[in-house]
$ cat target11.pdb   # PDB, C-alpha atoms, pLDDT in the B column
ATOM      1  CA  MET A   1      91.672  86.742  84.179  1.00 77.00           C
ATOM      2  CA  PRO A   2      94.652  86.444  81.799  1.00 86.00           C
ATOM      3  CA  PRO A   3      93.886  85.257  78.280  1.00 91.00           C
ATOM      4  CA  LEU A   4      94.383  81.669  77.242  1.00 96.00           C
ATOM      5  CA  ILE A   5      97.277  81.484  74.800  1.00 98.00           C
ATOM      6  CA  VAL A   6      98.582  78.287  73.258  1.00 98.00           C
ATOM      7  CA  GLY A   7     101.206  78.226  70.569  1.00 98.00           C
ATOM      8  CA  SER A   8     103.464  75.902  68.670  1.00 97.00           C
ATOM      9  CA  PRO A   9     106.032  76.050  65.878  1.00 98.00           C
ATOM     10  CA  LEU A  10     104.439  74.558  62.778  1.00 98.00           C
ATOM     11  CA  TRP A  11     105.537  73.528  59.294  1.00 95.00           C
ATOM     12  CA  LEU A  12     109.117  73.180  58.055  1.00 91.00           C
ATOM     13  CA  ALA A  13     110.018  76.790  58.924  1.00 94.00           C
ATOM     14  CA  ALA A  14     108.962  76.289  62.577  1.00 97.00           C
ATOM     15  CA  SER A  15     106.719  79.347  62.380  1.00 98.00           C
ATOM     16  CA  ASN A  16     104.849  80.027  65.587  1.00 98.00           C
ATOM     17  CA  CYS A  17     101.079  79.855  65.390  1.00 98.00           C
ATOM     18  CA  TYR A  18      99.117  81.116  68.397  1.00 98.00           C
ATOM     19  CA  VAL A  19      95.523  80.537  69.443  1.00 98.00           C
ATOM     20  CA  VAL A  20      94.217  83.198  71.822  1.00 98.00           C
ATOM     21  CA  ALA A  21      90.925  83.286  73.719  1.00 98.00           C
ATOM     22  CA  ALA A  22      89.393  84.976  76.726  1.00 96.00           C
ATOM     23  CA  GLU A  23      88.158  81.670  78.117  1.00 95.00           C
ATOM     24  CA  ARG A  24      88.114  77.958  77.447  1.00 96.00           C
ATOM     25  CA  GLY A  25      85.366  76.723  75.168  1.00 95.00           C
ATOM     26  CA  GLY A  26      84.681  80.054  73.487  1.00 95.00           C
ATOM     27  CA  PRO A  27      85.779  81.904  70.363  1.00 97.00           C
ATOM     28  CA  ALA A  28      89.489  82.189  69.671  1.00 98.00           C
ATOM     29  CA  VAL A  29      91.745  84.225  67.427  1.00 98.00           C
ATOM     30  CA  VAL A  30      94.376  82.442  65.358  1.00 98.00           C
ATOM     31  CA  VAL A  31      97.519  84.560  65.007  1.00 98.00           C
ATOM     32  CA  ASP A  32      99.338  83.484  61.826  1.00 98.00           C
ATOM     33  CA  ALA A  33      98.458  80.372  59.862  1.00 98.00           C
ATOM     34  CA  PRO A  34     101.397  78.318  58.596  1.00 96.00           C
ATOM     35  CA  PRO A  35     100.627  75.631  55.983  1.00 94.00           C
ATOM     36  CA  ASP A  36      99.548  73.105  58.636  1.00 95.00           C
ATOM     37  CA  VAL A  37      95.798  73.348  59.176  1.00 94.00           C
ATOM     38  CA  GLU A  38      95.792  70.153  61.238  1.00 96.00           C
ATOM     39  CA  GLY A  39      98.361  71.661  63.563  1.00 97.00           C
ATOM     40  CA  ILE A  40      96.180  74.746  63.947  1.00 98.00           C
ATOM     41  CA  ALA A  41      93.184  72.529  64.713  1.00 97.00           C
ATOM     42  CA  ALA A  42      95.209  70.749  67.398  1.00 98.00           C
ATOM     43  CA  LEU A  43      96.008  74.074  69.071  1.00 98.00           C
ATOM     44  CA  LEU A  44      92.322  75.018  69.076  1.00 98.00           C
ATOM     45  CA  ALA A  45      91.464  71.652  70.587  1.00 97.00           C
ATOM     46  CA  LYS A  46      93.900  72.205  73.449  1.00 97.00           C
ATOM     47  CA  ILE A  47      91.625  74.892  74.868  1.00 96.00           C
ATOM     48  CA  ASP A  48      88.401  73.530  73.389  1.00 97.00           C
ATOM     49  CA  CYS A  49      87.854  76.685  71.351  1.00 97.00           C
ATOM     50  CA  TYR A  50      86.568  77.446  67.897  1.00 97.00           C
ATOM     51  CA  PRO A  51      88.166  79.980  65.537  1.00 97.00           C
ATOM     52  CA  ALA A  52      86.515  83.384  65.276  1.00 96.00           C
ATOM     53  CA  ALA A  53      89.155  85.176  63.185  1.00 98.00           C
ATOM     54  CA  ALA A  54      92.657  84.843  61.773  1.00 98.00           C
ATOM     55  CA  LEU A  55      95.109  87.716  62.234  1.00 98.00           C
ATOM     56  CA  ILE A  56      98.051  87.414  59.842  1.00 98.00           C
ATOM     57  CA  THR A  57     101.196  89.353  60.684  1.00 98.00           C
ATOM     58  CA  HIS A  58     102.554  89.339  57.133  1.00 98.00           C
ATOM     59  CA  GLY A  59     102.330  87.693  53.754  1.00 97.00           C
ATOM     60  CA  HIS A  60     105.221  85.235  53.824  1.00 96.00           C
ATOM     61  CA  VAL A  61     104.127  81.682  53.095  1.00 95.00           C
ATOM     62  CA  ASP A  62     105.311  80.311  56.441  1.00 96.00           C
ATOM     63  CA  HIS A  63     102.866  82.644  58.202  1.00 97.00           C
ATOM     64  CA  THR A  64      99.963  82.799  55.768  1.00 96.00           C
ATOM     65  CA  GLY A  65     100.171  79.627  53.666  1.00 94.00           C
ATOM     66  CA  GLY A  66      97.496  77.875  55.728  1.00 95.00           C
ATOM     67  CA  THR A  67      95.087  80.824  55.760  1.00 97.00           C
ATOM     68  CA  GLY A  68      93.063  79.758  52.746  1.00 95.00           C
ATOM     69  CA  SER A  69      92.588  76.229  54.057  1.00 95.00           C
ATOM     70  CA  LEU A  70      91.596  77.573  57.471  1.00 96.00           C
ATOM     71  CA  VAL A  71      89.055  79.962  55.948  1.00 97.00           C
ATOM     72  CA  ARG A  72      87.579  77.307  53.662  1.00 96.00           C
ATOM     73  CA  ARG A  73      87.330  74.805  56.509  1.00 95.00           C
ATOM     74  CA  THR A  74      85.901  77.098  59.198  1.00 96.00           C
ATOM     75  CA  GLY A  75      84.488  80.165  57.456  1.00 96.00           C
ATOM     76  CA  VAL A  76      86.485  82.609  59.581  1.00 97.00           C
ATOM     77  CA  THR A  77      87.496  86.052  58.360  1.00 98.00           C
ATOM     78  CA  ALA A  78      91.214  86.505  57.709  1.00 98.00           C
ATOM     79  CA  TYR A  79      92.866  89.875  58.318  1.00 98.00           C
ATOM     80  CA  LEU A  80      96.010  91.169  56.595  1.00 98.00           C
ATOM     81  CA  HIS A  81      97.526  94.552  55.777  1.00 98.00           C
ATOM     82  CA  PRO A  82      96.895  95.402  52.106  1.00 98.00           C
ATOM     83  CA  ASP A  83     100.571  96.205  51.461  1.00 98.00           C
ATOM     84  CA  ASP A  84     101.252  92.445  51.704  1.00 98.00           C
ATOM     85  CA  GLU A  85      98.497  91.338  49.331  1.00 97.00           C
ATOM     86  CA  TRP A  86     101.033  90.771  46.537  1.00 95.00           C
ATOM     87  CA  LEU A  87     102.877  88.267  48.748  1.00 94.00           C
ATOM     88  CA  ALA A  88      99.840  86.448  50.109  1.00 95.00           C
ATOM     89  CA  GLN A  89      98.276  85.905  46.696  1.00 92.00           C
ATOM     90  CA  ASP A  90     101.055  83.617  45.420  1.00 87.00           C
ATOM     91  CA  PRO A  91     102.415  81.420  48.218  1.00 85.00           C
ATOM     92  CA  ALA A  92     103.422  78.700  45.730  1.00 81.00           C
ATOM     93  CA  ALA A  93     105.850  81.138  44.088  1.00 84.00           C
ATOM     94  CA  GLN A  94     107.377  81.866  47.481  1.00 87.00           C
ATOM     95  CA  LEU A  95     107.862  78.156  48.043  1.00 83.00           C
ATOM     96  CA  ARG A  96     109.788  77.881  44.798  1.00 82.00           C
ATOM     97  CA  THR A  97     111.963  80.953  45.219  1.00 81.00           C
ATOM     98  CA  VAL A  98     112.651  80.886  48.957  1.00 78.00           C
ATOM     99  CA  PHE A  99     112.392  77.220  49.931  1.00 78.00           C
ATOM    100  CA  GLY A 100     113.103  75.510  46.600  1.00 79.00           C
ATOM    101  CA  ILE A 101     109.890  73.475  46.835  1.00 79.00           C
ATOM    102  CA  SER A 102     107.545  72.913  43.906  1.00 76.00           C
ATOM    103  CA  THR A 103     103.818  72.411  44.456  1.00 73.00           C
ATOM    104  CA  ASN A 104     100.635  72.687  42.459  1.00 65.00           C
ATOM    105  CA  GLY A 105      99.606  75.285  45.017  1.00 59.00           C
ATOM    106  CA  ASP A 106      96.043  74.079  45.510  1.00 73.00           C
ATOM    107  CA  GLU A 107      96.464  73.433  49.220  1.00 77.00           C
ATOM    108  CA  LEU A 108      98.155  76.826  49.611  1.00 87.00           C
ATOM    109  CA  ALA A 109      95.556  78.823  47.677  1.00 90.00           C
ATOM    110  CA  PRO A 110      94.765  82.029  49.567  1.00 94.00           C
ATOM    111  CA  PRO A 111      91.249  82.877  50.738  1.00 95.00           C
ATOM    112  CA  GLU A 112      88.964  84.548  48.233  1.00 94.00           C
ATOM    113  CA  ALA A 113      89.380  87.790  50.139  1.00 95.00           C
ATOM    114  CA  PHE A 114      91.148  89.250  53.136  1.00 98.00           C
ATOM    115  CA  THR A 115      89.765  91.971  55.368  1.00 98.00           C
ATOM    116  CA  TRP A 116      92.338  94.732  55.328  1.00 98.00           C
ATOM    117  CA  LEU A 117      94.092  95.990  58.437  1.00 98.00           C
ATOM    118  CA  ALA A 118      95.297  99.536  59.074  1.00 98.00           C
ATOM    119  CA  ASP A 119      97.684 100.973  61.623  1.00 98.00           C
ATOM    120  CA  GLY A 120      95.847 101.867  64.814  1.00 98.00           C
ATOM    121  CA  ASP A 121      92.847  99.626  64.201  1.00 98.00           C
ATOM    122  CA  THR A 122      91.194  98.376  67.393  1.00 98.00           C
ATOM    123  CA  LEU A 123      89.455  95.026  67.089  1.00 98.00           C
ATOM    124  CA  ASP A 124      87.158  93.161  69.481  1.00 97.00           C
ATOM    125  CA  MET A 125      87.847  89.482  68.820  1.00 96.00           C
ATOM    126  CA  GLY A 126      87.749  86.355  70.934  1.00 94.00           C
ATOM    127  CA  GLY A 127      86.530  88.396  73.886  1.00 94.00           C
ATOM    128  CA  LEU A 128      89.695  90.508  73.852  1.00 97.00           C
ATOM    129  CA  GLY A 129      90.649  93.986  72.665  1.00 98.00           C
ATOM    130  CA  TRP A 130      93.377  94.032  70.004  1.00 98.00           C
ATOM    131  CA  GLU A 131      95.432  96.900  68.616  1.00 98.00           C
ATOM    132  CA  VAL A 132      97.015  96.734  65.168  1.00 98.00           C
ATOM    133  CA  ILE A 133     100.543  98.155  64.901  1.00 98.00           C
ATOM    134  CA  HIS A 134     101.786  98.475  61.325  1.00 98.00           C
ATOM    135  CA  THR A 135     105.532  97.780  61.374  1.00 98.00           C
ATOM    136  CA  PRO A 136     106.901  97.778  57.811  1.00 98.00           C
ATOM    137  CA  GLY A 137     110.430  96.548  57.294  1.00 98.00           C
ATOM    138  CA  HIS A 138     110.425  92.770  57.190  1.00 98.00           C
ATOM    139  CA  THR A 139     107.660  93.158  54.605  1.00 98.00           C
ATOM    140  CA  PRO A 140     105.807  96.317  53.548  1.00 98.00           C
ATOM    141  CA  GLY A 141     102.587  95.283  55.266  1.00 98.00           C
ATOM    142  CA  HIS A 142     103.968  93.614  58.369  1.00 98.00           C
ATOM    143  CA  CYS A 143     101.826  94.162  61.475  1.00 99.00           C
ATOM    144  CA  CYS A 144     102.225  93.345  65.150  1.00 99.00           C
ATOM    145  CA  PHE A 145      99.166  92.666  67.287  1.00 99.00           C
ATOM    146  CA  PHE A 146      98.956  94.059  70.810  1.00 98.00           C
ATOM    147  CA  LEU A 147      96.682  93.179  73.705  1.00 98.00           C
ATOM    148  CA  PRO A 148      97.136  96.346  75.803  1.00 98.00           C
ATOM    149  CA  ALA A 149      95.020  95.227  78.763  1.00 96.00           C
ATOM    150  CA  GLU A 150      97.013  92.005  79.033  1.00 97.00           C
ATOM    151  CA  GLY A 151     100.416  93.407  78.083  1.00 98.00           C
ATOM    152  CA  VAL A 152     101.028  90.886  75.287  1.00 98.00           C
ATOM    153  CA  LEU A 153     102.572  91.665  71.901  1.00 98.00           C
ATOM    154  CA  PHE A 154     102.477  89.213  68.995  1.00 99.00           C
ATOM    155  CA  SER A 155     105.507  90.481  67.117  1.00 98.00           C
ATOM    156  CA  GLY A 156     105.532  88.258  64.034  1.00 98.00           C
ATOM    157  CA  ASP A 157     108.903  88.624  62.316  1.00 98.00           C
ATOM    158  CA  GLN A 158     109.516  92.154  63.585  1.00 98.00           C
ATOM    159  CA  LEU A 159     111.225  91.177  66.856  1.00 98.00           C
ATOM    160  CA  PHE A 160     112.636  87.899  68.153  1.00 98.00           C
ATOM    161  CA  ALA A 161     114.432  86.906  71.335  1.00 98.00           C
ATOM    162  CA  GLY A 162     117.912  88.232  70.611  1.00 98.00           C
ATOM    163  CA  SER A 163     117.279  89.188  67.016  1.00 98.00           C
ATOM    164  CA  VAL A 164     115.025  90.960  64.514  1.00 98.00           C
ATOM    165  CA  GLY A 165     113.415  90.074  61.206  1.00 98.00           C
ATOM    166  CA  ARG A 166     115.472  89.752  58.042  1.00 97.00           C
ATOM    167  CA  THR A 167     115.111  92.434  55.394  1.00 97.00           C
ATOM    168  CA  ASP A 168     116.876  90.837  52.416  1.00 95.00           C
ATOM    169  CA  LEU A 169     113.736  89.326  50.859  1.00 92.00           C
ATOM    170  CA  PRO A 170     111.612  91.180  48.278  1.00 92.00           C
ATOM    171  CA  GLY A 171     109.882  94.154  49.878  1.00 95.00           C
ATOM    172  CA  GLY A 172     112.186  94.230  52.891  1.00 97.00           C
ATOM    173  CA  SER A 173     113.812  97.406  54.167  1.00 98.00           C
ATOM    174  CA  TRP A 174     116.284  97.665  57.027  1.00 98.00           C
ATOM    175  CA  GLU A 175     115.655 101.402  57.354  1.00 98.00           C
ATOM    176  CA  GLN A 176     111.901 100.828  57.666  1.00 98.00           C
ATOM    177  CA  LEU A 177     112.348  98.003  60.169  1.00 98.00           C
ATOM    178  CA  VAL A 178     114.553 100.201  62.377  1.00 98.00           C
ATOM    179  CA  ALA A 179     112.054 103.067  62.191  1.00 98.00           C
ATOM    180  CA  SER A 180     109.182 100.721  63.041  1.00 98.00           C
ATOM    181  CA  MET A 181     111.113  99.351  66.001  1.00 98.00           C
ATOM    182  CA  ARG A 182     112.021 102.774  67.337  1.00 98.00           C
ATOM    183  CA  ASP A 183     108.689 104.503  66.776  1.00 98.00           C
ATOM    184  CA  LYS A 184     106.139 101.706  67.231  1.00 98.00           C
ATOM    185  CA  ILE A 185     107.615  98.931  69.408  1.00 98.00           C
ATOM    186  CA  LEU A 186     110.150 100.452  71.771  1.00 98.00           C
ATOM    187  CA  VAL A 187     107.572 102.953  72.988  1.00 98.00           C
ATOM    188  CA  LEU A 188     105.827 100.065  74.794  1.00 98.00           C
ATOM    189  CA  GLU A 189     106.563  99.179  78.422  1.00 98.00           C
ATOM    190  CA  ASP A 190     109.373  96.839  79.503  1.00 98.00           C
ATOM    191  CA  ASP A 191     106.970  94.328  81.078  1.00 98.00           C
ATOM    192  CA  VAL A 192     105.200  93.590  77.787  1.00 98.00           C
ATOM    193  CA  ASP A 193     105.433  89.904  76.915  1.00 98.00           C
ATOM    194  CA  VAL A 194     106.634  89.379  73.346  1.00 98.00           C
ATOM    195  CA  LEU A 195     105.424  86.297  71.477  1.00 98.00           C
ATOM    196  CA  PRO A 196     107.395  86.199  68.230  1.00 98.00           C
ATOM    197  CA  GLY A 197     106.841  84.490  64.909  1.00 98.00           C
ATOM    198  CA  HIS A 198     109.823  82.187  65.494  1.00 98.00           C
ATOM    199  CA  GLY A 199     111.593  81.051  68.624  1.00 98.00           C
ATOM    200  CA  PRO A 200     110.833  81.503  72.325  1.00 98.00           C
ATOM    201  CA  MET A 201     108.835  84.214  74.022  1.00 98.00           C
ATOM    202  CA  THR A 202     110.641  87.112  75.661  1.00 98.00           C
ATOM    203  CA  THR A 203     109.864  90.509  77.184  1.00 98.00           C
ATOM    204  CA  LEU A 204     110.394  93.922  75.731  1.00 98.00           C
ATOM    205  CA  GLY A 205     112.585  94.835  78.694  1.00 98.00           C
ATOM    206  CA  ASN A 206     114.886  91.882  78.035  1.00 98.00           C
ATOM    207  CA  GLU A 207     115.200  92.804  74.396  1.00 98.00           C
ATOM    208  CA  ARG A 208     115.747  96.477  75.101  1.00 97.00           C
ATOM    209  CA  ALA A 209     118.626  95.548  77.427  1.00 97.00           C
ATOM    210  CA  LEU A 210     120.191  92.567  75.640  1.00 97.00           C
ATOM    211  CA  ASN A 211     119.194  92.443  71.979  1.00 98.00           C
ATOM    212  CA  PRO A 212     122.235  93.684  70.002  1.00 97.00           C
ATOM    213  CA  PHE A 213     120.025  94.949  67.162  1.00 97.00           C
ATOM    214  CA  LEU A 214     118.165  97.346  69.472  1.00 97.00           C
ATOM    215  CA  GLN A 215     121.142  99.082  70.994  1.00 93.00           C
ATOM    216  CA  GLY A 216     121.198 102.774  70.275  1.00 90.00           C
ATOM    217  CA  LEU A 217     117.587 102.977  69.126  1.00 90.00           C
TER     218      LEU A 217
END
$ encode --input "target11.pdb" --output "C-alpha cells"
Amino acid sequence: MPPLIVGSPLWLAASNCYVVAAERGGPAVVVDAPPDVEGIAALLAKIDCYPAAALITHGHVDHTGGTGSLVRRTGVTAYLHPDDEWLAQDPAAQLRTVFGISTNGDELAPPEAFTWLADGDTLDMGGLGWEVIHTPGHTPGHCCFFLPAEGVLFSGDQLFAGSVGRTDLPGGSWEQLVASMRDKILVLEDDVDVLPGHGPMTTLGNERALNPFLQGL
C-alpha cells in the first residue's frame, strides 16, 4: 500500500509542509514545519493522524520556524542536521535579515533540543523506512529524506521542478550544491517522485531531462 502523503504550501514563503503516514489514523511524520502550526494541524487532520516526529530539511525559518511550537504542543521529537543548528536557533534574526519582519520571536522559539541527523541514517517512523541524505549547498546541514521502498524523495530546497535551491544566503555554496546533486541525488532512479520544499511535485527523470541546472552533471 502506498503511503498517505498530504502537503500544502504554508506561511508567507509558501513553503511546502508534508504529513506522511503508512495508514490513516496512525502515527505520521511531519516533513518541515513552517511558522504555521495550525496549518500543520489541518494537514494531520486530513488523514486523521497524530504526529510521531518532525523531520526538518534545513534551518531556514520558512522550514523550521514552526518546529518549536509543534514540539511544545505535541511533544514530538524534531530532527535536524547539526550543521544547521546555528540557523535554527535564531529564526527571529532570519526574519529580520531575509524577510524584513520584526518579531519578539516567542512564537518562533526553537525546541529545547533537536535530535541530530547524519548522512546515511535509516529511521523507522510513521510505519515507514526513511533514509537521510545529507546534501549541503543550500545550507551546510541541508538534508533530503528518501522513502526507498515507495520511491519518494522529499528534496527540501535542494531540487525543485525546473530549478534548484539558492546558494547566496549565509552558509550557501554553489559548488557544494552541485556536488550534492551529482553524488547524492542524481544516482537515484528516474521514477523517483520528488516532493520539493516549494512548488509542485515532479520526478527525478523529468528533472534530469528538462531542468537546466542539471544539464552536464
$ residues_around --input "target11.pdb" --residues "A:Leu195" --least-positions-apart "6" --cutoff "7 Å" --atoms "all atoms listed in the file" --output "ChimeraX atom specification"
/A:153-155,201-202
$ resolve_selection --input "target11.pdb" --expression "the PyMOL selection byres ((chain A and resi 130-140) around 6)" --output "list in words"
Asp83, Asp119, Gly120, Asp121, Thr122, Leu123, Gly129, Gly141, His142, Cys143, Cys144, Phe145, Phe146, Leu147, Gly165, Arg166, Thr167, Gly171, Gly172, Ser173, Trp174, Gln176, Leu177 and Ser180 of chain A
$ resolve_selection --input "target11.pdb" --expression "the PyMOL selection byres ((chain A and resi 102-116) around 10)" --output "ChimeraX atom specification"
/A:34-37,54-56,61,64-72,75,77-85,88-97,99-101,117-118
$ write_last_selection --input "target11.pdb" --atoms "C-alpha atoms" --output "mmCIF file, keeping the file's coordinate frame"
data_model
loop_
_atom_site.group_PDB
_atom_site.id
_atom_site.type_symbol
_atom_site.label_atom_id
_atom_site.label_comp_id
_atom_site.auth_asym_id
_atom_site.auth_seq_id
_atom_site.Cartn_x
_atom_site.Cartn_y
_atom_site.Cartn_z
ATOM 1 C CA PRO A 34 101.397 78.318 58.596
ATOM 2 C CA PRO A 35 100.627 75.631 55.983
ATOM 3 C CA ASP A 36 99.548 73.105 58.636
ATOM 4 C CA VAL A 37 95.798 73.348 59.176
ATOM 5 C CA ALA A 54 92.657 84.843 61.773
ATOM 6 C CA LEU A 55 95.109 87.716 62.234
ATOM 7 C CA ILE A 56 98.051 87.414 59.842
ATOM 8 C CA VAL A 61 104.127 81.682 53.095
ATOM 9 C CA THR A 64 99.963 82.799 55.768
ATOM 10 C CA GLY A 65 100.171 79.627 53.666
ATOM 11 C CA GLY A 66 97.496 77.875 55.728
ATOM 12 C CA THR A 67 95.087 80.824 55.760
ATOM 13 C CA GLY A 68 93.063 79.758 52.746
ATOM 14 C CA SER A 69 92.588 76.229 54.057
ATOM 15 C CA LEU A 70 91.596 77.573 57.471
ATOM 16 C CA VAL A 71 89.055 79.962 55.948
ATOM 17 C CA ARG A 72 87.579 77.307 53.662
ATOM 18 C CA GLY A 75 84.488 80.165 57.456
ATOM 19 C CA THR A 77 87.496 86.052 58.360
ATOM 20 C CA ALA A 78 91.214 86.505 57.709
ATOM 21 C CA TYR A 79 92.866 89.875 58.318
ATOM 22 C CA LEU A 80 96.010 91.169 56.595
ATOM 23 C CA HIS A 81 97.526 94.552 55.777
ATOM 24 C CA PRO A 82 96.895 95.402 52.106
ATOM 25 C CA ASP A 83 100.571 96.205 51.461
ATOM 26 C CA ASP A 84 101.252 92.445 51.704
ATOM 27 C CA GLU A 85 98.497 91.338 49.331
ATOM 28 C CA ALA A 88 99.840 86.448 50.109
ATOM 29 C CA GLN A 89 98.276 85.905 46.696
ATOM 30 C CA ASP A 90 101.055 83.617 45.420
ATOM 31 C CA PRO A 91 102.415 81.420 48.218
ATOM 32 C CA ALA A 92 103.422 78.700 45.730
ATOM 33 C CA ALA A 93 105.850 81.138 44.088
ATOM 34 C CA GLN A 94 107.377 81.866 47.481
ATOM 35 C CA LEU A 95 107.862 78.156 48.043
ATOM 36 C CA ARG A 96 109.788 77.881 44.798
ATOM 37 C CA THR A 97 111.963 80.953 45.219
ATOM 38 C CA PHE A 99 112.392 77.220 49.931
ATOM 39 C CA GLY A 100 113.103 75.510 46.600
ATOM 40 C CA ILE A 101 109.890 73.475 46.835
ATOM 41 C CA LEU A 117 94.092 95.990 58.437
ATOM 42 C CA ALA A 118 95.297 99.536 59.074
#
$ residues_around --input "target11.pdb" --residues "stretch 208-213 of chain A" --least-positions-apart "6" --cutoff "7 Å" --atoms "all atoms listed in the file" --output "list of chain:residue names"
A:Gly162, A:Ser163, A:Val164
$ resolve_selection --input "target11.pdb" --expression "the PyMOL selection byres ((chain A and resi 17-25) around 7)" --output "list of chain:residue names"
A:Pro3, A:Leu4, A:Ile5, A:Val6, A:Gly7, A:Ser8, A:Pro9, A:Leu10, A:Ser15, A:Asn16, A:Gly26, A:Pro27, A:Ala28, A:Val29, A:Val30, A:Val31, A:Asp32, A:Ala33, A:Pro34, A:Leu43, A:Leu44, A:Ile47, A:Asp48, A:Cys49, A:Gly126, A:Gly127, A:Leu128
$ atom_distance --input "target11.pdb" --atom1 "atom CA of A:Ala179" --atom2 "atom CA of A:Gly199"
22.9 Å
$ closest_residue --input "target11.pdb" --among "A:Thr74, A:Asp191, A:Met1, A:Leu186" --to "A:Tyr50" --atoms "all atoms listed in the file"
A:Thr74
$ closest_residue --input "target11.pdb" --among "A:Arg73, A:His198, A:Lys46, A:His58" --to "A:Leu87" --atoms "all atoms listed in the file"
A:His58
$ closest_residue --input "target11.pdb" --among "A:Val194, A:Ala13, A:Val187, A:Val178" --to "A:Glu150" --atoms "only C-alpha atoms"
A:Val194
$ build_atoms --input "target11.pdb" --residues "stretch 187-202 of chain A" --atoms "N, CA and C atoms" --output "JSON list (two decimals), keeping the file's coordinate frame"
[["chain", "number", "residue", "atom", "x", "y", "z"],
["A", 187, "VAL", "N", 108.35, 102.04, 72.15],
["A", 187, "VAL", "CA", 107.57, 102.95, 72.99],
["A", 187, "VAL", "C", 106.70, 102.19, 73.99],
["A", 188, "LEU", "N", 106.61, 100.88, 73.86],
["A", 188, "LEU", "CA", 105.83, 100.06, 74.79],
["A", 188, "LEU", "C", 106.63, 99.82, 76.07],
["A", 189, "GLU", "N", 105.93, 99.35, 77.11],
["A", 189, "GLU", "CA", 106.56, 99.18, 78.42],
["A", 189, "GLU", "C", 107.45, 97.93, 78.47],
["A", 190, "ASP", "N", 108.43, 97.95, 79.38],
["A", 190, "ASP", "CA", 109.37, 96.84, 79.50],
["A", 190, "ASP", "C", 108.71, 95.52, 79.88],
["A", 191, "ASP", "N", 107.57, 95.58, 80.61],
["A", 191, "ASP", "CA", 106.97, 94.33, 81.08],
["A", 191, "ASP", "C", 106.04, 93.69, 80.05],
["A", 192, "VAL", "N", 106.01, 94.21, 78.84],
["A", 192, "VAL", "CA", 105.20, 93.59, 77.79],
["A", 192, "VAL", "C", 105.82, 92.25, 77.39],
["A", 193, "ASP", "N", 105.00, 91.21, 77.39],
["A", 193, "ASP", "CA", 105.43, 89.90, 76.92],
["A", 193, "ASP", "C", 105.42, 89.89, 75.39],
["A", 194, "VAL", "N", 106.50, 89.42, 74.80],
["A", 194, "VAL", "CA", 106.63, 89.38, 73.35],
["A", 194, "VAL", "C", 106.56, 87.93, 72.89],
["A", 195, "LEU", "N", 105.58, 87.63, 72.05],
["A", 195, "LEU", "CA", 105.42, 86.30, 71.48],
["A", 195, "LEU", "C", 105.74, 86.40, 69.99],
["A", 196, "PRO", "N", 106.92, 85.96, 69.59],
["A", 196, "PRO", "CA", 107.40, 86.20, 68.23],
["A", 196, "PRO", "C", 106.93, 85.14, 67.23],
["A", 197, "GLY", "N", 107.22, 85.41, 65.97],
["A", 197, "GLY", "CA", 106.84, 84.49, 64.91],
["A", 197, "GLY", "C", 107.74, 83.28, 64.82],
["A", 198, "HIS", "N", 108.91, 83.33, 65.43],
["A", 198, "HIS", "CA", 109.82, 82.19, 65.49],
["A", 198, "HIS", "C", 110.54, 82.26, 66.84],
["A", 199, "GLY", "N", 110.81, 81.10, 67.41],
["A", 199, "GLY", "CA", 111.59, 81.05, 68.62],
["A", 199, "GLY", "C", 110.80, 81.32, 69.89],
["A", 200, "PRO", "N", 111.50, 81.41, 71.03],
["A", 200, "PRO", "CA", 110.83, 81.50, 72.32],
["A", 200, "PRO", "C", 110.28, 82.89, 72.62],
["A", 201, "MET", "N", 109.36, 82.93, 73.56],
["A", 201, "MET", "CA", 108.84, 84.21, 74.02],
["A", 201, "MET", "C", 109.91, 84.97, 74.80],
["A", 202, "THR", "N", 109.71, 86.27, 74.93],
["A", 202, "THR", "CA", 110.64, 87.11, 75.66],
["A", 202, "THR", "C", 109.84, 88.28, 76.24]]
